[in-house]
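**Student:** One structure coming up, written as structure tokens, with questions to follow.
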Amino acid sequence: DKIVKTMWAGVGRGNDPVTGECTGDLCTMPGDYTIWLKYESQDMTGNLTLSDGSNEAWDAKNVGYVNYFSHTGCAIHRIATSGYYGDANIAGGLNTSHGCVGIGWDVAPWFYDWCKMGTTVHVQV
């Protein structure tokens with residue numbers, strides 16, 4: 001019942017950057033979840049058919065500090081970029097994910113260590 005740390009986060013590309021409302025296919029869905037799977041590093045690949053019939057594919061190598069909170073593949077993890085992307089770089093919005101919550105490279109190790117299996121996650125976008 002207290003704030004432990006505040007950090008910026010990027011969410012799904014389909015979330016409106018001002019209201020958080022889901023306006024497309026690739027959204028981070030609000031709700032209450034539990035951390036159920038963790039990887040210090042993981043290759044993340046996927047393929048989705050969007051509502052307009054187009055195909056969205058990704059292949060992100062060595063995504064760091066992955067904390068899965070939904071059984072549909074959503075996780076809190078280090079921003080999946082090829083180079084350093086810190087917490088301050090995310091300020092002002094970075095909604096580019098396929099539904100995950102991306103956090104800065106500088107705060108991701110702390111969050112990974114702090115967030116234990118079974119930790120409750122409240123997603124509010």
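A note on labels: chains of the structure tokens are A, B, ... as shown, every chain counts residues from 1, and ligands are counted from 1 in their shown order.
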Within chain A, find each residue whose DSSP state, derived from the backbone, is alpha helix (DSSP H), and express the selection as a list in words.

**Tutor:**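 Everything in chain A that counts as alpha helix (DSSP H) is Asp87, Ala88, Asn89, Ile90, Ala108, Pro109, Trp110, Phe111, Tyr112, Asp113 and Trp114 of chain A.
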
**Student:** If we count only C-alpha atoms and set the cut-off at 7 Å, which residues sit around region 67-78 of chain A, ignoring sequence neighbours fewer than 3 positions away in its own chain? Please answer as a compact mmCIF listing (two decimals) with C-alpha atoms, in the first residue's frame.

**Tutor:**
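Just written: around_5.txt:
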# COMPACT_ATOMS: atom_id res chain seq x y z
CA TYR A 33 -2.72 -10.09 -13.07
CA THR A 34 -0.09 -12.19 -11.33
CA ILE A 35 3.54 -12.69 -12.37
CA TRP A 36 3.65 -16.36 -13.32
CA LEU A 37 6.83 -16.79 -15.41
CA LYS A 38 10.20 -14.98 -15.50
CA TYR A 39 13.24 -15.06 -17.79
CA VAL A 63 14.87 -9.15 -24.59
CA GLY A 64 15.96 -8.62 -21.01
CA GLY A 99 0.73 -5.71 -25.92
CA CYS A 100 3.63 -5.91 -23.47
CA VAL A 101 4.77 -3.24 -21.02
CA GLY A 102 8.25 -1.99 -21.88
CA ILE A 103 10.44 -0.35 -19.24
CA GLY A 104 13.83 1.35 -19.47
CA TRP A 105 17.09 -0.56 -19.60
CA ALA A 108 14.49 -3.25 -15.78
CA TYR A 112 13.07 -7.99 -12.32

**Student:** So, with only C-alpha atoms as the atoms that count, which of A:Ser41, A:Met29, A:Asn62, A:Asn95 lies closest to His122 (chain A)?

**Tutor:**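 Among A:Ser41, A:Met29, A:Asn62, A:Asn95, it is A:Met29 that comes nearest to His122 (chain A).
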
**Student:** Would you pick out the contacts of Thr96 (chain A) at 8 Å or less, using only C-alpha atoms, so that residues sharing its chain but fewer than 4 positions from it are not included, and give the list as a VMD selection string?

**Tutor:** chain A and resid 10 to 13

**Student:** Given only C-alpha atoms as the basis, pick out the residue of A:Asp1, A:Asp32, A:Asp106, A:Asp113 nearest to Val66 (chain A).

**Tutor:**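 Using only C-alpha atoms, the shortest distance to Val66 (chain A) belongs to A:Asp113.
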
**Student:** Can you pull out every residue within 8 Å of Gly14 (chain A), counting only C-alpha atoms, but drop anything in the same chain fewer than 2 positions away, and send it as a list of chain:residue names?

**Tutor:**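 Answer for this query is A:Gly12, A:Asp16, A:Cys22, A:Thr23, A:Gly24, A:Asp25, A:Leu26, A:Cys27, A:Thr28, A:Asn95.
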
**Student:** Pick the closest to Trp110 (chain A) from A:Tyr65, A:Ile3, A:Tyr85, A:Pro30: which is it, counting only C-alpha atoms?

**Tutor:**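 Of A:Tyr65, A:Ile3, A:Tyr85, A:Pro30, the one nearest Trp110 (chain A), counting only C-alpha atoms, is A:Tyr65.
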
**Student:** Among chain A, which residues does DSSP mark as strand (DSSP E or B) when it is run on the backbone? Keep the chain and numbering as in the structure and answer as a ChimeraX atom specification.

**Tutor:** /A:10,12,15,22,31-34,37-49,55-68,75-78,97,101-103,120-123

**Student:** Take the residues that were just selected and, keeping N, CA and C atoms, output them as a CSV table (one decimal), in the first residue's frame.

**Tutor:**
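As written to disk, result_33.csv reads:
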chain,number,residue,atom,x,y,z
A,10,GLY,N,6.2,2.0,-21.7
A,10,GLY,CA,5.6,2.0,-23.0
A,10,GLY,C,4.6,0.8,-23.1
A,12,GLY,N,1.1,-1.1,-25.5
A,12,GLY,CA,0.7,-1.5,-26.8
A,12,GLY,C,0.5,-0.4,-27.8
A,15,ASN,N,-3.0,1.3,-28.0
A,15,ASN,CA,-3.5,2.1,-26.9
A,15,ASN,C,-3.3,3.6,-27.2
A,22,CYS,N,-8.0,1.4,-25.7
A,22,CYS,CA,-7.6,0.5,-26.8
A,22,CYS,C,-8.3,0.9,-28.0
A,31,GLY,N,-6.1,-4.4,-16.2
A,31,GLY,CA,-6.7,-5.5,-15.3
A,31,GLY,C,-5.7,-5.8,-14.2
A,32,ASP,N,-6.1,-6.8,-13.4
A,32,ASP,CA,-5.2,-7.3,-12.4
A,32,ASP,C,-4.7,-8.7,-12.8
A,33,TYR,N,-3.4,-8.9,-12.6
A,33,TYR,CA,-2.7,-10.1,-13.1
A,33,TYR,C,-1.7,-10.5,-12.0
A,34,THR,N,-1.1,-11.7,-12.2
A,34,THR,CA,-0.1,-12.2,-11.3
A,34,THR,C,1.1,-12.6,-12.2
A,37,LEU,N,5.7,-16.2,-14.7
A,37,LEU,CA,6.8,-16.8,-15.4
A,37,LEU,C,7.9,-15.7,-15.6
A,38,LYS,N,9.1,-16.0,-15.4
A,38,LYS,CA,10.2,-15.0,-15.5
A,38,LYS,C,11.4,-15.6,-16.3
A,39,TYR,N,12.0,-14.7,-17.1
A,39,TYR,CA,13.2,-15.1,-17.8
A,39,TYR,C,14.2,-13.9,-17.7
A,40,GLU,N,15.4,-14.1,-17.4
A,40,GLU,CA,16.4,-13.0,-17.3
A,40,GLU,C,16.6,-12.4,-18.7
A,41,SER,N,16.6,-13.3,-19.7
A,41,SER,CA,16.7,-12.9,-21.1
A,41,SER,C,15.9,-13.9,-22.0
A,42,GLN,N,15.3,-13.5,-23.1
A,42,GLN,CA,14.5,-14.3,-23.9
A,42,GLN,C,14.4,-13.8,-25.3
A,43,ASP,N,14.5,-14.6,-26.3
A,43,ASP,CA,14.2,-14.2,-27.7
A,43,ASP,C,12.6,-14.2,-27.8
A,44,MET,N,12.1,-13.1,-28.3
A,44,MET,CA,10.6,-13.1,-28.4
A,44,MET,C,10.2,-13.0,-29.9
A,45,THR,N,9.5,-13.9,-30.3
A,45,THR,CA,9.0,-14.0,-31.7
A,45,THR,C,7.5,-14.2,-31.7
A,46,GLY,N,6.9,-13.7,-32.7
A,46,GLY,CA,5.4,-13.9,-32.8
A,46,GLY,C,4.9,-13.4,-34.2
A,47,ASN,N,3.6,-13.8,-34.4
A,47,ASN,CA,3.0,-13.5,-35.6
A,47,ASN,C,1.5,-13.4,-35.4
A,48,LEU,N,0.9,-12.3,-35.7
A,48,LEU,CA,-0.5,-12.1,-35.5
A,48,LEU,C,-1.2,-11.6,-36.8
A,49,THR,N,-2.4,-12.1,-37.0
A,49,THR,CA,-3.3,-11.6,-38.1
A,49,THR,C,-4.2,-10.5,-37.5
A,55,ASN,N,-0.7,-8.9,-41.7
A,55,ASN,CA,0.0,-9.7,-40.8
A,55,ASN,C,1.1,-8.9,-40.1
A,56,GLU,N,1.2,-9.1,-38.8
A,56,GLU,CA,2.2,-8.4,-37.9
A,56,GLU,C,3.2,-9.5,-37.4
A,57,ALA,N,4.4,-9.4,-37.7
A,57,ALA,CA,5.4,-10.4,-37.2
A,57,ALA,C,6.5,-9.6,-36.5
A,58,TRP,N,7.2,-10.3,-35.5
A,58,TRP,CA,8.3,-9.7,-34.8
A,58,TRP,C,9.3,-10.8,-34.4
A,59,ASP,N,10.5,-10.4,-34.3
A,59,ASP,CA,11.6,-11.3,-33.9
A,59,ASP,C,12.6,-10.4,-33.1
A,60,ALA,N,12.4,-10.3,-31.8
A,60,ALA,CA,13.3,-9.5,-30.9
A,60,ALA,C,14.2,-10.4,-30.2
A,61,LYS,N,15.5,-10.3,-30.4
A,61,LYS,CA,16.5,-11.1,-29.7
A,61,LYS,C,16.9,-10.5,-28.4
A,62,ASN,N,17.2,-11.4,-27.5
A,62,ASN,CA,17.8,-11.0,-26.2
A,62,ASN,C,17.0,-9.9,-25.4
A,63,VAL,N,15.7,-10.1,-25.4
A,63,VAL,CA,14.9,-9.1,-24.6
A,63,VAL,C,15.1,-9.4,-23.1
A,64,GLY,N,15.5,-8.4,-22.4
A,64,GLY,CA,16.0,-8.6,-21.0
A,64,GLY,C,14.9,-8.4,-20.0
A,65,TYR,N,15.0,-9.2,-18.9
A,65,TYR,CA,14.3,-9.0,-17.7
A,65,TYR,C,12.8,-9.2,-17.9
A,66,VAL,N,12.4,-10.3,-18.4
A,66,VAL,CA,11.0,-10.6,-18.8
A,66,VAL,C,10.2,-11.2,-17.6
A,67,ASN,N,9.0,-10.5,-17.3
A,67,ASN,CA,8.1,-10.9,-16.3
A,67,ASN,C,6.7,-11.1,-16.9
A,68,TYR,N,6.3,-12.3,-17.1
A,68,TYR,CA,5.0,-12.6,-17.8
A,68,TYR,C,3.9,-12.4,-16.7
A,75,ALA,N,4.0,-9.3,-21.1
A,75,ALA,CA,5.0,-9.3,-20.0
A,75,ALA,C,5.5,-7.9,-19.8
A,76,ILE,N,6.0,-7.6,-18.6
A,76,ILE,CA,6.8,-6.4,-18.4
A,76,ILE,C,8.2,-6.8,-18.6
A,77,HIS,N,8.9,-6.0,-19.5
A,77,HIS,CA,10.3,-6.3,-19.8
A,77,HIS,C,11.0,-5.1,-20.3
A,78,ARG,N,12.3,-5.3,-20.4
A,78,ARG,CA,13.2,-4.2,-20.9
A,78,ARG,C,12.7,-3.8,-22.3
A,97,SER,N,4.6,-1.5,-28.5
A,97,SER,CA,4.7,-2.9,-28.3
A,97,SER,C,3.5,-3.6,-28.9
A,101,VAL,N,4.4,-4.5,-21.7
A,101,VAL,CA,4.8,-3.2,-21.0
A,101,VAL,C,6.3,-3.2,-21.1
A,102,GLY,N,6.8,-2.2,-21.8
A,102,GLY,CA,8.2,-2.0,-21.9
A,102,GLY,C,8.8,-0.9,-20.9
A,103,ILE,N,9.8,-1.3,-20.2
A,103,ILE,CA,10.4,-0.4,-19.2
A,103,ILE,C,11.9,-0.1,-19.6
A,120,THR,N,1.4,-9.4,-7.6
A,120,THR,CA,0.2,-8.9,-8.2
A,120,THR,C,0.6,-7.7,-9.1
A,121,VAL,N,0.1,-7.6,-10.3
A,121,VAL,CA,0.3,-6.5,-11.2
A,121,VAL,C,-1.0,-5.9,-11.6
A,122,HIS,N,-1.1,-4.6,-11.4
A,122,HIS,CA,-2.3,-3.9,-11.8
A,122,HIS,C,-1.9,-3.0,-13.0
A,123,VAL,N,-2.5,-3.4,-14.1
A,123,VAL,CA,-2.2,-2.6,-15.4
A,123,VAL,C,-3.3,-1.6,-15.5

**Student:** Have a look at CA of Val107 (chain A) and CA of Leu94 (chain A) and let me know their distance in Å, one decimal.

**Tutor:** 15.7 Å

**Student:** In Å to one decimal, how far is CA of Glu21 (chain A) from CA of Gln124 (chain A)?

**Tutor:**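 Interatomic distance here is 10.0 Å.
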
**Student:** What does the distance between CA of Thr6 (chain A) and CA of His98 (chain A) come to in Å, to one decimal place?

**Tutor:**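 Distance between the two atoms: 22.8 Å.
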